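Remarks on the structure that follows.
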Amino acid sequence: MLKISTAPHLNTPLSTRSIMLHVIIALLPALFVGLAVFGLNALLVVLTSVAACVGFEYLFCRYVIKQSPSTWDLSAIVTGLLLAYNLPSDIPLWMVLIGSFMAIIVTKMVFGGIGKNMFNPALVGRVFLFISFPVQMTTWPIPKPFEFMNLDAETSATTLGILKHSDIVDTSQLPDYWQMFVGNIGGCIGETSAAALLLGMFYLLYKRIINWYIPFYYIASFFMLISIHWLITGDIKYDPLTHLLSGGLILGAVFMATDYTTTPMSRSGKIAFAIGCGVLTYVIRVFSVYPEGVSFAILIMNAFVPLLDNIYIPRLFGRQRRA
Amino acid sequence: MRKKTFPLGGIHLDKHKLTSSYPIVDAGLPDMVYIPIKQHIGAPSKILVQKGDKVKVGTLLADADGVVSADIHSSVSGEVVKIDDIIDADAYPETMIVIKVEGDEFEPDIDLSPDIIRDIPYSPAEIVDKIRRAGIVGMGGAGYPTPIKTTIPEGKKVDTLIVNGIECEAYLTADDRLMVEKAEEIIIGAKIINKALGIQNAIIAIDENKPEAIRILSDLSKKYVGVNVEVCQSKYPQGAEKQLIAAITGREVSPAKLPVDVGCIVQNVGTVFAVYEAVQKNKPLYERIVTISGDDAAENLGNYRVRIGTPASFIIAKSTSHPKHIGKIIFGGGMMGVSAVNMDAPLTKLTSGILLLNDKDAVKPPETACIRCAQCVDACPMGLRPFAIASAIKNNDFAELKRLHTLTCIECGSCAFVCPARIPLLDYCKLGKLEVKKQS
Amino acid sequence: MSVLLTGILVLGGIGLVAAIILHFVAQKFAVESNPRVQAVEKLLPGVNCGACGKAGCQDFARACASADIETFKGLYCSVGGNSVMQQIATLLGYKTPERDPTVAVLRCQGSCENAPSKFEFTGLKSCRLVARISTSQSECPYGCIRMGDCVRACKFGALHISPDTGLPVVDENKCVSCGACVAICPKKLFEIRPKGKDGKRVYVACRNQQKGAVARQNCKVACIGCMKCTKIVPSIKVQNNLSYIPTDVDAEKFGQELADTCPTSAIVYTGKKEQ
């Protein structure tokens with residue numbers, strides 16, 4: 001019997017699942033750096049987080065909404081990885097479970113599953129933990145590259161923490177730019193190495209999974225504001241390169257702010273969104289009590305997505321271009 | 001210099017032009033041809049023959065009924081055995097003239113010599129009349145009678161003729177081969193239409209994935225004043241009339257306006273070639289080039305010169321010996337073609353290709369949840385938001401459909417092609433258009 | 001103390017200004033509503049189905065309020081039926097419009113068995129889309145596409161696709177004859193007909209206009225235009241090889257005979273006795 005269907009009869013090979021697979025591949029370099037720097041603890045956190053996210057999604061689909069589980073689309077693995085990347089490596093594992101629950105169940109599944117969530121699940125998980133357990137979330141193990149089995153919990157502040165909370169910055173405490181670029185600094189598991197994250201970004205750009213507007217405008221707007229601030233005050237606290245390379249800025253700009261579901265659809269909307277993130281990150285890092293502002297900035301801008309989607313709509317063909 | 005393209009959206013279709021190096025071959029004569037009396041937009045033509053009449057190739061079978069209609073000619077010589085409602089590709093009964101093929105005799109005034117006739121001694125009115133008597137319609141797929149598009153409506157000004165050599169549809173190569181093999185005829189055809197329109201400027205637009213056609217036509221066009229070749233990016237749907245005008249001239253045709261309103265006339269290369277043959281050789285439109293393609297359902301691919309009314313099964317038998325493996329037969333290309341129900345349906349003036357898909361490719365993948373990736377928004381050449389149209393349909397929000405300008409959709413299918421969640425976005429847009437039309 | 005006072009004064013001031021603005025805006029943009037319209041609207045079912053031809057229940061109520069006392073100007077809410085119309089008439093002091101209750105009937109019996117599918121459709125299940133690329137599920141170009149656009153269009157849950165036949169089935173008790181299915185069906189297979197006495201009605205369940213032999217070949221239960229029914233009831237008309245039984249034919253009197261006479265069982269009589 002002949003099959004019939006409406007046009008078009010062809011499809012792009014790219015599917016939801018393969019997109020998620022590409023994102024996971026792009027996240028791998030940062031994972032390797034995280035494991036190399038933070039050792040076995042980091043591996044446990046990542047495994048717990050991924051397993052918990054996938055498990056929660058499976059159980060929720062199976063027993064609460066009673067639908068065939070949507071875990072095959074791999075999006076829960078992405079969420080699990082991103083959540084783990086945003087946690088310090090010595091966090092108690094039960095907290096990781098709570099974070100995964102917040103991310104998958106509260107942020108994603110109760111809103112209707114993939115594509116329906118308003119906020120980035122991994123970020124909600126992280127921010128929930130950050131507010132609930134500030135002590136555990138802000139103690140960072142000292143990086144010990146290639147000492148995989150070393151479980152000693154020597155802790156230190158992150159670069160941004162040093163900048164924020166000391167009146168006169170002791171520059172000898174700060175890592176140099178190269179250390180920050182390759183990732184040999186304290187911080188969350190996945191955010192330390194700018195090099196690995198940028199490698200992932202180029203992979204995603206090459207595969208056309210993300211486009212360049214959001215990472216570029218996010219980082220550029222933040223970099224511009226902090227540079228101006230630095231030039232005016234002349235304070236080493238606001239050194240733009242340090243701010244660029246440390247903290248979660250690149251992780252956020254490449255992997256969190258480009259999350260399809262929680263960003264605007266049109267090109268101009270995406271640019272507005274990214275600039276908003278950049279401005280908010282700057283404001284939080286410079287003027288608030290928190291040393292880091294990427295998570296809050298992206299979550300706040302997530303809330304504006306429906307509005308941005310209504311304001312920035314694509315130009316219709318055949319209508320006058322806006323002057 | 002950056003090659004020209006249209007301003008919004010568009011997608012890249014790769015690796016589907018399997019037959020671009022296959023020369024055009026004559027398909028031969030079937031035993032029986034089925035000639036529908038409606039192969040164009042507008043009223044069906046009035047039948048002039050009766051059962052038992054002997055006809056030759058080029059004999060007028062049916063006369064245009066009104067302005068928006070076209071003459072229909074016999075494509076074979078033989079005897080009219082039946083005039084009846086016969087199931088067409090869509091399984092709708094259509095009135096067709098069935099001719100049993102006997103020999104291959106041509107009407108005497110048809111010039112069958114291979115010589116290229118370069119002089120155009122006719123007046124504009126004579127040219128339009130010849131085009132009308134040859135029954136030429138827009139062969140890109142719209143089927144709009146060409147005589148209307150070779151006369152400028154009163155009060156309108158036209159400065160450019162664009163010859164559409166952008167064959168952006170997946171798999172189709174018929175126009176590509178025509179441009180390679182009949183380059184000079186196409187240029188003369190463009191000059192003829194220019195003379196009918198009373199303008200000097202003709203641009204042949206070709207996309208960059210046809211290097212041979214570009215080379216041949218660029219060389220030849222240097223000999224002709226006022227005919228230029230413009231190379232465009234390979235992007236789908238560049239061959240859509242409004243997109244092509246925007247790409248070449250930068251003028252955008254507003255919704256509900258016609259190309260004439262921005263001073264352009266677009267003719268497909270197939271149509272231009274048919275105009276050349278009609279005017280210089282007195283040859284009515286009784287055959288056309290058809291691409292037969294497909295990844296693995298078809299074995300012998302190619303570009304065939306086919307008599308109009310030939311049953312599709314005749315051509316399919318040429319390309320594959322295992323018709324059972326075919327999951328889907330598409331009249332046209334992979335993006336906009338119509339999947340046919342009836343394998344014996346005849347090819348018409350508008351059939352630019354037959355695409356065979358195997359059983360696996362024939363099935364549309366199931367719809368999954370939208371992940372808001374915005375690929376459809378980036379792909380839409382009209383600047384629409386297909387995801388929003390789909391959700392408006394699902395919510396029965398008809399006011400929203402109007403706000404989203406659903407009616408301007410050109411049904412190119414780019415949105416549904418790129419959707420990673422496999423949402424049939426074009427289906428939703430089509431339903432949306434039906435709803436909006438019903439409301440107003 | 002001064003801080004407290006400033007706060008009270010500022011907030012109080014804002015409140016006062018807002019109150020004044022609200023007062024004037026409310027006066028300026030007050031929506032004048034006719035109490036009669038409101039009363040009628042309260043009686044209506046409020047489903048905004050559009051069966052009456054108006055944009056919604058409020059629109060219908062407005063039309064009723066300004067309608068003709070004698071004839072109601074043909075306004076009738078088929079969803080509410082006679083009881084609601086009587087209440088409206090009493091309220092407005094009009095003459096009560098009485099109408100026979102009606103129901104939607106499907107004029108096709110092209111089930112999976114009678115008219116087998118001739119292709120496999122993949123993609124978005126929608127009759128209207130299938131109708132654009134092909135004729136219908138079966139060889140019969142007039143028959144039901146069996147994709148259930150009507151089921152989705154019905155706001156009252158009165159339709160479902162029967163798993164045995166593949167055809168939509170009308171639930172007589174739920175159908176309010178709003179006409180949504182009539183409007184959406186691309187094959188125009190639904191018709192609103194009087195329910196008939198004790199639910200007895202007779203109609204031709206076929207829309208095929210092909211010649212008898214072709215129609216029969218395509219579907220076992222097609223009307224072949226044999227004219228036999230016209231011999232029983234002369235008011236039955238056969239046009240384009242298709243018979244149509246007018247709604248005023250007495251179903252109780254002729255129904256059984258018509259159904260028995262029809263050689264292809266294309267005529268459906270709902271009061272048929274079980275044998």
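Residue names in the structure tokens use chain letters A, B, ... in the order shown, residue numbers from 1 in each chain, and ligand numbers from 1 in the order shown.
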As a CSV table (one decimal) with C-alpha atoms, in the first residue's frame, please: every residue in stretch 50-275 of chain B that a backbone DSSP assignment puts in alpha helix (DSSP H).
chain,number,residue,atom,x,y,z
B,124,PRO,CA,4.4,41.7,-29.6
B,125,ALA,CA,0.7,40.9,-30.3
B,126,GLU,CA,1.7,38.1,-32.6
B,127,ILE,CA,4.1,36.7,-30.0
B,128,VAL,CA,1.4,36.7,-27.3
B,129,ASP,CA,-1.0,35.0,-29.7
B,130,LYS,CA,1.5,32.3,-30.5
B,131,ILE,CA,2.1,31.7,-26.8
B,132,ARG,CA,-1.6,31.4,-26.3
B,133,ARG,CA,-2.2,29.0,-29.1
B,146,THR,CA,1.7,32.4,-19.6
B,147,PRO,CA,-0.1,34.8,-22.1
B,148,ILE,CA,-1.3,36.8,-19.1
B,149,LYS,CA,2.2,37.1,-17.8
B,174,ALA,CA,15.1,19.1,-15.0
B,175,ASP,CA,15.6,22.9,-15.3
B,176,ASP,CA,19.3,22.5,-14.7
B,177,ARG,CA,19.7,20.0,-17.6
B,178,LEU,CA,17.5,22.2,-19.8
B,179,MET,CA,19.8,25.2,-19.2
B,180,VAL,CA,22.9,23.1,-20.0
B,181,GLU,CA,21.4,21.6,-23.2
B,183,ALA,CA,21.0,27.4,-23.3
B,184,GLU,CA,20.8,29.5,-26.5
B,185,GLU,CA,17.1,28.7,-26.9
B,186,ILE,CA,16.4,29.9,-23.4
B,187,ILE,CA,18.2,33.2,-24.1
B,188,ILE,CA,16.3,33.7,-27.3
B,189,GLY,CA,13.1,32.8,-25.5
B,190,ALA,CA,13.9,35.5,-23.0
B,191,LYS,CA,14.4,38.0,-25.8
B,192,ILE,CA,11.0,37.0,-27.3
B,193,ILE,CA,9.3,37.6,-24.0
B,194,ASN,CA,11.1,40.9,-23.6
B,195,LYS,CA,9.9,41.9,-27.0
B,196,ALA,CA,6.3,41.0,-26.1
B,197,LEU,CA,6.6,43.0,-22.9
B,211,PRO,CA,28.3,25.4,-12.3
B,212,GLU,CA,27.8,24.0,-15.8
B,213,ALA,CA,24.7,25.9,-16.5
B,214,ILE,CA,26.2,29.1,-15.2
B,215,ARG,CA,29.3,28.7,-17.4
B,216,ILE,CA,27.4,28.0,-20.6
B,217,LEU,CA,24.8,30.7,-20.1
B,218,SER,CA,27.3,33.3,-19.0
B,219,ASP,CA,29.3,32.7,-22.1
B,220,LEU,CA,26.4,32.8,-24.4
B,221,SER,CA,24.7,35.8,-22.9
B,241,GLU,CA,8.7,34.1,-7.1
B,242,LYS,CA,8.7,36.8,-4.4
B,243,GLN,CA,12.0,35.5,-2.8
B,244,LEU,CA,13.7,35.5,-6.2
B,245,ILE,CA,12.6,39.1,-7.0
B,246,ALA,CA,13.9,40.2,-3.6
B,247,ALA,CA,17.2,38.4,-4.2
B,248,ILE,CA,17.8,39.8,-7.6
B,249,THR,CA,16.4,43.4,-7.3
B,269,VAL,CA,13.3,28.5,-17.7
B,270,GLY,CA,11.0,25.6,-18.7
B,271,THR,CA,8.4,28.2,-19.7
B,272,VAL,CA,10.9,30.3,-21.5
B,273,PHE,CA,12.1,27.4,-23.5
B,274,ALA,CA,8.5,26.5,-24.3
B,275,VAL,CA,7.9,30.0,-25.5
Hey, could you make a per-residue contact list for chain C against chain A with 6 Å as the cut-off, showing the nearest pair of atoms and its distance in Å to one decimal, counting only C-alpha atoms, sorted by chain and number, as CSV?
residue,atom,partner,partner_atom,distance
C:Phe119,CA,A:Leu2,CA,5.2
C:Glu120,CA,A:Lys3,CA,4.5
C:Phe121,CA,A:Ile4,CA,5.0
C:Thr122,CA,A:Ser5,CA,5.3
C:Gly123,CA,A:Ser5,CA,5.9
With N, CA and C atoms kept, could you save the residues just selected as a short mmCIF file (atom, residue, chain, number, x, y, z; two decimals), in the first residue's frame?
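Saved as part.cif:
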data_model
loop_
_atom_site.label_atom_id
_atom_site.label_comp_id
_atom_site.auth_asym_id
_atom_site.auth_seq_id
_atom_site.Cartn_x
_atom_site.Cartn_y
_atom_site.Cartn_z
N PHE C 119 -4.64 3.81 1.06
CA PHE C 119 -3.28 4.27 1.29
C PHE C 119 -3.08 4.38 2.79
N GLU C 120 -1.82 4.61 3.15
CA GLU C 120 -1.51 4.76 4.55
C GLU C 120 -1.09 6.21 4.74
N PHE C 121 -1.83 6.95 5.51
CA PHE C 121 -1.50 8.36 5.69
C PHE C 121 -0.58 8.51 6.89
N THR C 122 0.54 9.18 6.68
CA THR C 122 1.40 9.46 7.82
C THR C 122 1.50 10.97 7.96
N GLY C 123 1.59 11.45 9.18
CA GLY C 123 1.65 12.88 9.39
C GLY C 123 0.52 13.33 10.30
#
### Task
Restrict the distance test to only C-alpha atoms, flag each residue of chain C within 9 Å of chain B, and return the flagged residues as a PyMOL selection string.
chain C and resi 118-119+121-124+126+128-129+132-136+139-141
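Those residues of chain B that fall within 6 Å of chain A when using only C-alpha atoms read Glu252, Val253, Ser254, Gly327, Lys328, Gly334, Met335, Met336, Ser339, Cys370, Ile371, Arg372, Cys373, Ala374, Met382, Gly383, Gly413, Phe417, Val418, Pro420 and Ala421 of chain B.
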### Message
Can you tell me which residues surround C:Asn48 at a distance of at most 12 Å, considering only C-alpha atoms, apart from same-chain residues fewer than 2 positions away, and format the answer as JSON, numbers by chain?
### Response
{"C": [41, 44, 45, 46, 50, 51, 52, 53, 54, 55, 56, 57, 58, 59, 60, 61, 77, 78, 79, 80, 155, 156, 178, 180]}
Any chance you could export the current selection's C-alpha atoms as a compact mmCIF listing (two decimals), in the first residue's frame?
# COMPACT_ATOMS: atom_id res chain seq x y z
CA GLU C 41 -27.60 36.01 28.52
CA LEU C 44 -28.36 30.95 27.63
CA PRO C 45 -26.03 27.94 27.83
CA GLY C 46 -23.01 30.19 27.52
CA GLY C 50 -22.04 29.89 17.19
CA ALA C 51 -24.81 27.49 16.22
CA CYS C 52 -27.31 30.36 16.11
CA GLY C 53 -25.20 32.24 13.58
CA LYS C 54 -24.20 34.91 16.06
CA ALA C 55 -20.69 35.58 17.30
CA GLY C 56 -21.49 34.20 20.75
CA CYS C 57 -24.08 34.01 23.47
CA GLN C 58 -23.86 37.71 24.31
CA ASP C 59 -24.33 38.64 20.68
CA PHE C 60 -27.35 36.33 20.52
CA ALA C 61 -28.82 37.90 23.64
CA CYS C 77 -30.71 28.61 20.32
CA SER C 78 -30.52 24.97 19.34
CA VAL C 79 -28.23 24.19 22.23
CA GLY C 80 -30.74 25.30 24.85
CA LYS C 155 -17.48 21.20 21.85
CA PHE C 156 -20.06 18.98 23.48
CA CYS C 178 -24.65 23.36 16.75
CA ALA C 180 -19.64 22.62 14.09
### Query
Just how far from atom CA of A:Ala26 is atom CA of A:Phe255, in Å to one decimal?
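Computing it gives 9.2 Å between the two atoms.
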Tell me, which residues of stretch 52-189 of chain A carry DSSP strand (DSSP E), written as a CSV table (one decimal) with N, CA, C and O atoms, in the first residue's frame?
chain,number,residue,atom,x,y,z
A,140,TRP,N,35.0,26.1,48.5
A,140,TRP,CA,35.6,25.5,47.2
A,140,TRP,C,36.8,24.7,47.5
A,140,TRP,O,37.8,25.3,48.1
A,141,PRO,N,37.0,23.5,47.2
A,141,PRO,CA,38.2,22.8,47.4
A,141,PRO,C,39.3,23.4,46.5
A,141,PRO,O,39.1,23.9,45.4
A,155,THR,N,39.9,23.8,51.7
A,155,THR,CA,39.1,24.8,50.9
A,155,THR,C,39.7,26.1,50.8
A,155,THR,O,40.5,26.5,51.6
A,156,SER,N,39.2,26.9,49.9
A,156,SER,CA,39.6,28.3,49.7
A,156,SER,C,38.5,29.0,49.1
A,156,SER,O,37.5,28.5,48.7
### Query
Quick one: residues within 9 Å of B:Thr19, only C-alpha atoms counted, chain neighbours fewer than 4 positions away excluded, as a PyMOL selection string?
chain B and resi 23+171-174+177+291-293+301-303
Can I get the selected residues back with all heavy atoms, as a PDB file, in the first residue's frame?
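Listed below is the output, part.pdb:
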ATOM      1  N   PRO B  23      22.184  13.437 -18.842  1.00  0.00           N
ATOM      2  CA  PRO B  23      21.606  14.165 -19.988  1.00  0.00           C
ATOM      3  C   PRO B  23      20.127  13.820 -20.172  1.00  0.00           C
ATOM      4  O   PRO B  23      19.675  12.752 -19.746  1.00  0.00           O
ATOM      5  CB  PRO B  23      22.416  13.659 -21.179  1.00  0.00           C
ATOM      6  CG  PRO B  23      23.540  12.872 -20.632  1.00  0.00           C
ATOM      7  CD  PRO B  23      23.213  12.494 -19.236  1.00  0.00           C
ATOM      8  N   TYR B 171      16.045  17.302  -5.097  1.00  0.00           N
ATOM      9  CA  TYR B 171      16.068  16.228  -6.090  1.00  0.00           C
ATOM     10  C   TYR B 171      15.870  16.682  -7.537  1.00  0.00           C
ATOM     11  O   TYR B 171      16.351  16.048  -8.446  1.00  0.00           O
ATOM     12  CB  TYR B 171      15.025  15.138  -5.787  1.00  0.00           C
ATOM     13  CG  TYR B 171      15.317  14.336  -4.554  1.00  0.00           C
ATOM     14  CD1 TYR B 171      14.634  14.592  -3.366  1.00  0.00           C
ATOM     15  CD2 TYR B 171      16.266  13.338  -4.570  1.00  0.00           C
ATOM     16  CE1 TYR B 171      14.913  13.855  -2.225  1.00  0.00           C
ATOM     17  CE2 TYR B 171      16.541  12.595  -3.433  1.00  0.00           C
ATOM     18  CZ  TYR B 171      15.862  12.859  -2.269  1.00  0.00           C
ATOM     19  OH  TYR B 171      16.119  12.142  -1.140  1.00  0.00           O
ATOM     20  N   LEU B 172      15.145  17.760  -7.804  1.00  0.00           N
ATOM     21  CA  LEU B 172      14.815  18.081  -9.190  1.00  0.00           C
ATOM     22  C   LEU B 172      16.022  18.656  -9.924  1.00  0.00           C
ATOM     23  O   LEU B 172      16.762  19.480  -9.396  1.00  0.00           O
ATOM     24  CB  LEU B 172      13.660  19.083  -9.252  1.00  0.00           C
ATOM     25  CG  LEU B 172      12.358  18.625  -8.611  1.00  0.00           C
ATOM     26  CD1 LEU B 172      11.267  19.636  -8.875  1.00  0.00           C
ATOM     27  CD2 LEU B 172      11.949  17.271  -9.147  1.00  0.00           C
ATOM     28  N   THR B 173      16.204  18.218 -11.169  1.00  0.00           N
ATOM     29  CA  THR B 173      17.298  18.740 -11.986  1.00  0.00           C
ATOM     30  C   THR B 173      16.848  19.026 -13.407  1.00  0.00           C
ATOM     31  O   THR B 173      17.675  19.264 -14.278  1.00  0.00           O
ATOM     32  CB  THR B 173      18.460  17.717 -12.041  1.00  0.00           C
ATOM     33  OG1 THR B 173      17.950  16.475 -12.499  1.00  0.00           O
ATOM     34  CG2 THR B 173      19.103  17.529 -10.689  1.00  0.00           C
ATOM     35  N   ALA B 174      15.547  18.981 -13.653  1.00  0.00           N
ATOM     36  CA  ALA B 174      15.051  19.145 -15.013  1.00  0.00           C
ATOM     37  C   ALA B 174      15.451  20.501 -15.585  1.00  0.00           C
ATOM     38  O   ALA B 174      15.936  20.596 -16.721  1.00  0.00           O
ATOM     39  CB  ALA B 174      13.532  18.980 -15.030  1.00  0.00           C
ATOM     40  N   ARG B 177      19.285  20.699 -16.330  1.00  0.00           N
ATOM     41  CA  ARG B 177      19.680  20.047 -17.577  1.00  0.00           C
ATOM     42  C   ARG B 177      19.218  20.856 -18.778  1.00  0.00           C
ATOM     43  O   ARG B 177      19.923  20.961 -19.774  1.00  0.00           O
ATOM     44  CB  ARG B 177      19.086  18.642 -17.666  1.00  0.00           C
ATOM     45  CG  ARG B 177      19.733  17.626 -16.798  1.00  0.00           C
ATOM     46  CD  ARG B 177      21.229  17.651 -16.802  1.00  0.00           C
ATOM     47  NE  ARG B 177      21.853  17.440 -18.117  1.00  0.00           N
ATOM     48  CZ  ARG B 177      23.159  17.456 -18.340  1.00  0.00           C
ATOM     49  NH1 ARG B 177      23.984  17.691 -17.347  1.00  0.00           N
ATOM     50  NH2 ARG B 177      23.634  17.247 -19.545  1.00  0.00           N
ATOM     51  N   THR B 291      12.282  15.035 -14.115  1.00  0.00           N
ATOM     52  CA  THR B 291      13.361  14.353 -13.391  1.00  0.00           C
ATOM     53  C   THR B 291      12.770  13.164 -12.665  1.00  0.00           C
ATOM     54  O   THR B 291      11.708  13.280 -12.051  1.00  0.00           O
ATOM     55  CB  THR B 291      13.986  15.285 -12.353  1.00  0.00           C
ATOM     56  OG1 THR B 291      14.489  16.424 -13.019  1.00  0.00           O
ATOM     57  CG2 THR B 291      15.115  14.597 -11.606  1.00  0.00           C
ATOM     58  N   ILE B 292      13.440  12.047 -12.729  1.00  0.00           N
ATOM     59  CA  ILE B 292      13.014  10.936 -11.887  1.00  0.00           C
ATOM     60  C   ILE B 292      14.163  10.619 -10.951  1.00  0.00           C
ATOM     61  O   ILE B 292      15.290  10.467 -11.352  1.00  0.00           O
ATOM     62  CB  ILE B 292      12.533   9.739 -12.716  1.00  0.00           C
ATOM     63  CG1 ILE B 292      12.084   8.631 -11.794  1.00  0.00           C
ATOM     64  CG2 ILE B 292      13.578   9.224 -13.663  1.00  0.00           C
ATOM     65  CD1 ILE B 292      10.985   7.815 -12.384  1.00  0.00           C
ATOM     66  N   SER B 293      13.860  10.647  -9.665  1.00  0.00           N
ATOM     67  CA  SER B 293      14.932  10.564  -8.689  1.00  0.00           C
ATOM     68  C   SER B 293      14.449   9.882  -7.420  1.00  0.00           C
ATOM     69  O   SER B 293      13.280   9.536  -7.283  1.00  0.00           O
ATOM     70  CB  SER B 293      15.424  11.977  -8.386  1.00  0.00           C
ATOM     71  OG  SER B 293      16.618  11.924  -7.666  1.00  0.00           O
ATOM     72  N   LEU B 301      18.117   6.525 -12.324  1.00  0.00           N
ATOM     73  CA  LEU B 301      17.639   7.891 -12.231  1.00  0.00           C
ATOM     74  C   LEU B 301      17.845   8.571 -13.574  1.00  0.00           C
ATOM     75  O   LEU B 301      18.530   8.046 -14.451  1.00  0.00           O
ATOM     76  CB  LEU B 301      18.413   8.630 -11.148  1.00  0.00           C
ATOM     77  CG  LEU B 301      18.546   7.883  -9.839  1.00  0.00           C
ATOM     78  CD1 LEU B 301      19.344   8.693  -8.854  1.00  0.00           C
ATOM     79  CD2 LEU B 301      17.170   7.596  -9.264  1.00  0.00           C
ATOM     80  N   GLY B 302      17.263   9.749 -13.714  1.00  0.00           N
ATOM     81  CA  GLY B 302      17.526  10.457 -14.957  1.00  0.00           C
ATOM     82  C   GLY B 302      16.595  11.608 -15.189  1.00  0.00           C
ATOM     83  O   GLY B 302      15.693  11.901 -14.402  1.00  0.00           O
ATOM     84  N   ASN B 303      16.873  12.302 -16.301  1.00  0.00           N
ATOM     85  CA  ASN B 303      16.013  13.390 -16.755  1.00  0.00           C
ATOM     86  C   ASN B 303      15.429  12.966 -18.087  1.00  0.00           C
ATOM     87  O   ASN B 303      16.161  12.667 -19.028  1.00  0.00           O
ATOM     88  CB  ASN B 303      16.822  14.668 -16.923  1.00  0.00           C
ATOM     89  CG  ASN B 303      17.477  15.081 -15.627  1.00  0.00           C
ATOM     90  OD1 ASN B 303      16.807  15.383 -14.663  1.00  0.00           O
ATOM     91  ND2 ASN B 303      18.798  15.064 -15.601  1.00  0.00           N
TER      92      ASN B 303
END
Can you tell me, as a PDB file with C-alpha atoms, in the first residue's frame, what residues are no more than 12 Å from B:Arg403 when counting only C-alpha atoms, ignoring any on the same chain fewer than 3 positions away?
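And here is the file that came out, result38.pdb:
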ATOM      1  CA  ASN A 310       6.068  39.632  22.197  1.00  0.00           C
ATOM      2  CA  ILE A 313       8.948  39.608  16.447  1.00  0.00           C
ATOM      3  CA  LEU A 316       7.455  40.219   7.822  1.00  0.00           C
TER       4      LEU A 316
ATOM      5  CA  LEU B 384       6.384  34.240  10.170  1.00  0.00           C
ATOM      6  CA  ARG B 385       6.456  32.351  13.448  1.00  0.00           C
ATOM      7  CA  ALA B 388       3.072  30.188  17.210  1.00  0.00           C
ATOM      8  CA  ILE B 389       0.727  29.317  14.355  1.00  0.00           C
ATOM      9  CA  ALA B 392      -2.775  28.855  17.937  1.00  0.00           C
ATOM     10  CA  ASP B 397      -7.280  30.740  18.771  1.00  0.00           C
ATOM     11  CA  PHE B 398      -8.430  32.072  15.432  1.00  0.00           C
ATOM     12  CA  ALA B 399      -7.938  35.742  16.222  1.00  0.00           C
ATOM     13  CA  GLU B 400      -4.307  34.938  16.969  1.00  0.00           C
ATOM     14  CA  THR B 406      -0.917  33.108   8.591  1.00  0.00           C
ATOM     15  CA  LEU B 407      -2.251  33.854   5.116  1.00  0.00           C
ATOM     16  CA  THR B 408       1.116  35.124   3.874  1.00  0.00           C
ATOM     17  CA  GLY B 432      -4.457  27.889   9.854  1.00  0.00           C
ATOM     18  CA  VAL B 436      -8.542  32.251   8.494  1.00  0.00           C
TER      19      VAL B 436
END
### Query
Skipping near chain neighbours, those fewer than 4 positions away, what residues fall within 10 Å of A:Ala196 using only C-alpha atoms, listed as an MDAnalysis selection string?
chainID A and resid 26:34 181:183 190:192 200:201 251
#### Entry: Near-A:Val283 list (10 Å; only C-alpha atoms; drop same-chain fewer than 6 positions) as a list in words
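Surrounding residues, per the criterion: Phe222, Leu225, Ile226, Cys277, Gly293 and Ala297 of chain A.
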